[in-house]
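Read through the structure below, which is laid out as structure tokens, and then see the notes.
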Amino acid sequence: MPATIPAIVFIGGGPRTAGVLERIAANRPDVFAGPLQIHVVEPHIPGSGRIWRYDQDPGLLLNSMAADITMFTDESVDCAGPAAPGPGLAEWAADVLDASIIDVPDFPQPLWKQLRTLTGTTFPTRQLQSQYLEWFFRRAARSLGRSVTVHRTTAVGITAPEGGGHDVALANGRTLHADIVVTALGHTDSKPDAVSAGFADFAARHGGYHAAPAYTTDVDYSPIGPGQDVIVAGMGLAFVDLLVLLMEGRGGRFQETNDGGLRYLPSGREPRLWAGSRRGVPYHSKISAVLRGQAPGPLQFFTAAAVEALLEQHGELDFREHLWPLIAKEAGYYYYRELLTGSPERATMGWDSFAARYAGLDWYSGERADLVAAAVPDAGLHLDLERLDRPFAGLRFHGHQAVQDVVAEYIENDLALRDSPDHPETLALFLALLHVYMEVGRVVPAERLNARSQQLIHGWWHGFFSFVDSGPPPHRLREMLALHRAGLLQFLGPGLEVTLDEEGGTFRATSPHSGVSVSAQAVIEARLPSTSVARSLNPVLASLYESGMGSEQQLLTSDGIHSTGKLLVSPEHRLIGADGKPQPSLFGIGPGTSGWGAGAFARPNTNAAPFRENDALARTILGVARDAAAPPSGTISPEPAAVGKK
């Protein structure tokens with residue numbers, strides 16, 4: 001009989017915690033089947049948490065189709081624990097409608113309407129997604145019996161008492177004693193960096209408006225008046241949400257035209273937005289085409305064996321020099337396989353012949369470029385990843401109207417490529433980058449990358465993947481063009497720079513590619529805040545940092561020490577303290593940590609990275625719990641079950 005019942009405290013109760021709970025239940029028979037006390041601290045409804053909560057504008061959507069969303073670890077996931085298949089969002093919605101699933105609340109009528117019209121290709125609202133995530137959490141909690149207690153409050157600090165374990169202080173005055181603590185905080189807020197702080201101070205002194213980086217739906221935009229000029233820095237997903245809130249959210253509406261186009265009918269309450277970014281264009285549209293050619297198989301070039309060979313040859317890896325050429329070659333293989341087998345009329349060479357020659361060529365070799373030119377006569381169909389990343393590199397625009405014309409044309413071309421059945425090779429590229437992105441954290445040991453490469457992976461590579469693969473639904477880009485035609489959205493171009501005009505009391509936006517300058521009294525930084533443990537506004541992260549139980553990831557680069565801002569964790573997701581040692585019973589997971597994890601839910605049957613991580617972490621937690629439960633009799637506990645692959 002165990003001497004104690006191990007207590008586990010999860011700080012944060014969003015979808016990532018729900019996924020780990022499900023994996024704890026699945027792995028208990030194999031690792032530790034004894035009793036547990038599990039506490040989940042979450043001020044919002046557990047399962048959806050802050051980011052996916054129901055209490056959002058009903059116009060805000062996911063950027064994934066319903067068929068591409070699941071919380072379940074299926075047979076594709078390479079993990080030690082057992083798979084536990086279950087319904088993705090689309091199947092769940094169908095099961096709710098036919099009453100196969102009854103553990104759901106009495107939805108408001110708008111949600112019932114969404115359920116009835118949902119298909120696999122629907123981009124669901126975040127409100128509907130919140131219900132799926134909350135249902136999954138309840139299901140995972142029930143699978144652990146009566147072990148799980150939810151505390152609808154905020155954790156405000158962690159301490160390590162002399163008797164062992166950790167005390168987690170809650171905002172409601174309670175303290176939870178834990179043998180194991182898991183921080184799963186998702187996206188958190190930080191104190192503004194120097195630039196944002198300067199913008200805020202300037203706006204306050206001159207009676208202007210400034211919105212620092214934040215989760216879009218949490219920002220108060222009410223001070224922005226109708227017709228007011230607003231500079232927007234950033235054209236990613238936060239920008240898309242911003243358009244929803246400031247346009248339709250203020251009473252405007254979109255109307256289909258007789259020629260199949262889209263017109264925006266303003267309410268008169270909208271501001272006028274001037275938007276720019278580093279690239280000067282929005283994220284690429286999600287893709288509606290289906291593959292016509294050979295089905296994608298396993299990765300051919302970016303493989304564990306290839307990475308291992310590079311490690312043996314070089315010892316330390318450089319992302320640009322060693323890994324990116326393999327990633328680019330993999331992307332090209334997927335892309336040209338679909339082009340040559342799915343649209344053979346566009347090619348002058350059979351796939352087998354092309355593939356045999358392609359396999360032996362470096363991506364950046366002249367021979368590879370010659371092979372592509374011989375196989376695909378239309379140069380417009382050649383895959384140029386550098387051009388894809390920086391579409392306006394080297395271009396100079398002659399005036400503001402030229403910027404408008406070129407950016408609008410770029411968006412229209414993006415829709416032609418990605419929202420029609422004519423270019424399935426764009427889907428093949430999407431799949432290649434997705435599969436590689438999921439593999440990077442599995443096959444590339446982070447400790448064998450040089451510091452510059454770790455920066456690139458969490459910075460440029462993540463940004464490039466998001467730009468190409470994590471864009472908005474196509475109709476959002478059509479709406480963007482309609483807003484542009486209505487005069488409510490103007491484009492500033494690439495390389496956006498925002499400066500302060502003290503004499504005029506206005507923000508000034510310029511692009512070095514055009515020389516055009518725009519002044520406004522309002523600026524919105526349309527992006528999530530950069531992760532920073534040292535500047536975190538989350539009391540738990542601040543407590544960990546100040547006590548030394550947690551630390552911020554630091555990289556030694558050629559330019560000196562660089563901080564990623566992320567909570568430093570070991571490969572087993574143990575927090576690394578200020579002394580450089582892993583904390584045996586303190587764990588961290590999610591986007592604010594140095595771990596690779598990508599998201600909290602994923603596409604089915606993709607060996608998704610978050611599901612692999614959830615399973616490994618669950619087994620580690622159970623091993624620690626087993627040790628904590630061992631009777632103090634001097635009996636030697638058996639070794640923890642191996643945490644690894646099937």
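Residue names in the structure tokens use chain letters A, B, ... in the order shown, residue numbers from 1 in each chain, and ligand numbers from 1 in the order shown.
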
Exercise. Using only C-alpha atoms, determine which residues lie at most 10 Å from segment 184-198 of chain A, disregarding the query and same-chain residues fewer than 3 positions distant; provide the list as a count of residues only.
Key: 51

For segment 453-456 of chain A: contacts at 8 Å, only C-alpha atoms, fewer than 4 positions along chain excluded, given as a JSON list (two decimals) with C-alpha atoms, in the first residue's frame:
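What landed in result_20.json:
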```json
[["chain", "number", "residue", "atom", "x", "y", "z"],
["A", 317, "LEU", "CA", 24.81, 21.36, -37.14],
["A", 318, "ASP", "CA", 24.03, 24.66, -38.79],
["A", 319, "PHE", "CA", 20.42, 25.06, -39.89],
["A", 320, "ARG", "CA", 21.12, 27.06, -43.04],
["A", 446, "ALA", "CA", 18.53, 20.77, -30.08],
["A", 449, "LEU", "CA", 22.58, 22.78, -33.15],
["A", 460, "TRP", "CA", 12.78, 32.44, -39.18],
["A", 461, "TRP", "CA", 11.84, 28.79, -39.77],
["A", 564, "THR", "CA", 14.99, 33.69, -26.73]]
```

Practice problem: May I have the residues within 12 Å of Leu89 of chain A as a ChimeraX atom specification, using only C-alpha atoms and disregarding those fewer than 2 positions away in the same chain? | Solution: /A:62,64-72,86-87,91-96,115,118-126,128-136,601-604

Filtering to C-alpha atoms, could you give me those residues as a short mmCIF file (atom, residue, chain, number, x, y, z; two decimals), in the first residue's frame?
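Final output, selection27.cif:
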```cif
data_model
loop_
_atom_site.label_atom_id
_atom_site.label_comp_id
_atom_site.auth_asym_id
_atom_site.auth_seq_id
_atom_site.Cartn_x
_atom_site.Cartn_y
_atom_site.Cartn_z
CA LEU A 62 -9.97 28.94 -36.85
CA SER A 64 -7.92 25.09 -40.00
CA MET A 65 -10.77 23.17 -41.58
CA ALA A 66 -12.92 20.99 -39.35
CA ALA A 67 -11.54 17.79 -40.90
CA ASP A 68 -8.01 18.89 -39.93
CA ILE A 69 -8.68 19.22 -36.20
CA THR A 70 -8.37 16.46 -33.64
CA MET A 71 -7.34 16.14 -30.02
CA PHE A 72 -6.87 12.38 -30.20
CA GLY A 86 -11.62 9.44 -31.04
CA PRO A 87 -13.63 11.94 -33.06
CA GLU A 91 -16.98 13.81 -36.46
CA TRP A 92 -17.74 15.19 -33.02
CA ALA A 93 -20.17 17.73 -34.50
CA ALA A 94 -21.97 14.96 -36.40
CA ASP A 95 -22.13 12.81 -33.26
CA VAL A 96 -23.58 15.70 -31.26
CA LEU A 115 -23.27 22.27 -36.13
CA LEU A 118 -20.54 22.09 -40.59
CA THR A 119 -18.65 19.96 -43.11
CA GLY A 120 -15.09 18.74 -43.19
CA THR A 121 -14.08 21.77 -45.28
CA THR A 122 -15.73 24.35 -43.00
CA PHE A 123 -13.50 26.76 -41.10
CA PRO A 124 -15.24 26.60 -37.70
CA THR A 125 -15.75 29.50 -35.34
CA ARG A 126 -13.61 29.62 -32.24
CA LEU A 128 -17.62 26.06 -31.71
CA GLN A 129 -14.05 24.88 -31.21
CA SER A 130 -14.29 25.89 -27.55
CA GLN A 131 -17.10 23.37 -27.07
CA TYR A 132 -15.12 20.54 -28.65
CA LEU A 133 -12.08 21.32 -26.48
CA GLU A 134 -14.16 21.56 -23.29
CA TRP A 135 -15.87 18.25 -24.11
CA PHE A 136 -12.46 16.62 -24.62
CA PHE A 601 -4.32 20.01 -31.52
CA ALA A 602 -3.40 18.77 -34.98
CA ARG A 603 -4.41 17.16 -38.25
CA PRO A 604 -5.36 13.48 -37.90
#
```

Quiz item: From the set A:Gly293, A:Pro424, A:Val516, A:Gly227, which residue has the shortest atom-to-atom contact distance to Gly399 of chain A, counting only C-alpha atoms?
Solution: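 Checking each candidate against Gly399 of chain A, we get A:Val516 as the closest.
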
Practice problem: Please report, as a count of residues only, each residue of segment 158-398 of chain A to which DSSP assigns strand (DSSP E) when run on this structure's backbone. | Solution: 36

Practice problem: Using DSSP on the backbone, list every residue of segment 262-361 of chain A that comes out as alpha helix (DSSP H), and give them as a PyMOL selection string. | Solution: chain A and resi 304-314+324-342+351-358

If you keep C-alpha atoms, can you produce a file of those selected residues as a PDB file, in the first residue's frame?
```pdb
ATOM      1  CA  ALA A 304      16.458  10.710 -39.140  1.00  0.00           C
ATOM      2  CA  ALA A 305      19.146   8.793 -41.028  1.00  0.00           C
ATOM      3  CA  ALA A 306      20.144  11.869 -43.013  1.00  0.00           C
ATOM      4  CA  VAL A 307      20.374  14.008 -39.881  1.00  0.00           C
ATOM      5  CA  GLU A 308      22.388  11.316 -38.108  1.00  0.00           C
ATOM      6  CA  ALA A 309      24.811  11.212 -41.036  1.00  0.00           C
ATOM      7  CA  LEU A 310      25.224  14.989 -40.820  1.00  0.00           C
ATOM      8  CA  LEU A 311      25.875  14.734 -37.092  1.00  0.00           C
ATOM      9  CA  GLU A 312      28.562  12.116 -37.645  1.00  0.00           C
ATOM     10  CA  GLN A 313      30.185  14.283 -40.303  1.00  0.00           C
ATOM     11  CA  HIS A 314      29.972  17.698 -38.651  1.00  0.00           C
ATOM     12  CA  TRP A 324      17.709  23.804 -44.859  1.00  0.00           C
ATOM     13  CA  PRO A 325      19.042  22.293 -48.138  1.00  0.00           C
ATOM     14  CA  LEU A 326      17.444  18.972 -47.136  1.00  0.00           C
ATOM     15  CA  ILE A 327      14.184  20.700 -46.199  1.00  0.00           C
ATOM     16  CA  ALA A 328      14.143  22.604 -49.492  1.00  0.00           C
ATOM     17  CA  LYS A 329      14.868  19.436 -51.441  1.00  0.00           C
ATOM     18  CA  GLU A 330      12.046  17.625 -49.624  1.00  0.00           C
ATOM     19  CA  ALA A 331       9.660  20.470 -50.420  1.00  0.00           C
ATOM     20  CA  GLY A 332      10.686  20.333 -54.064  1.00  0.00           C
ATOM     21  CA  TYR A 333      10.226  16.571 -54.195  1.00  0.00           C
ATOM     22  CA  TYR A 334       6.643  16.815 -52.939  1.00  0.00           C
ATOM     23  CA  TYR A 335       5.899  19.791 -55.182  1.00  0.00           C
ATOM     24  CA  TYR A 336       7.250  18.357 -58.437  1.00  0.00           C
ATOM     25  CA  ARG A 337       5.858  14.887 -57.793  1.00  0.00           C
ATOM     26  CA  GLU A 338       2.364  16.369 -57.687  1.00  0.00           C
ATOM     27  CA  LEU A 339       3.041  18.616 -60.679  1.00  0.00           C
ATOM     28  CA  LEU A 340       4.415  15.822 -62.862  1.00  0.00           C
ATOM     29  CA  THR A 341       2.005  13.052 -61.816  1.00  0.00           C
ATOM     30  CA  GLY A 342      -1.114  15.157 -61.213  1.00  0.00           C
ATOM     31  CA  TRP A 351       8.041  11.451 -62.861  1.00  0.00           C
ATOM     32  CA  ASP A 352      10.144   8.294 -62.578  1.00  0.00           C
ATOM     33  CA  SER A 353      12.841   9.739 -64.813  1.00  0.00           C
ATOM     34  CA  PHE A 354      12.739  13.084 -63.015  1.00  0.00           C
ATOM     35  CA  ALA A 355      12.819  11.523 -59.534  1.00  0.00           C
ATOM     36  CA  ALA A 356      15.771   9.273 -60.351  1.00  0.00           C
ATOM     37  CA  ARG A 357      17.892  12.249 -61.441  1.00  0.00           C
ATOM     38  CA  TYR A 358      16.566  14.603 -58.752  1.00  0.00           C
TER      39      TYR A 358
END
```

Exercise. Can you work out which one of A:Val440, A:Ala140, A:Ala99, A:Leu433 has the shortest atom-to-atom distance to Ser466 of chain A, counting only C-alpha atoms?
Key: A:Leu433
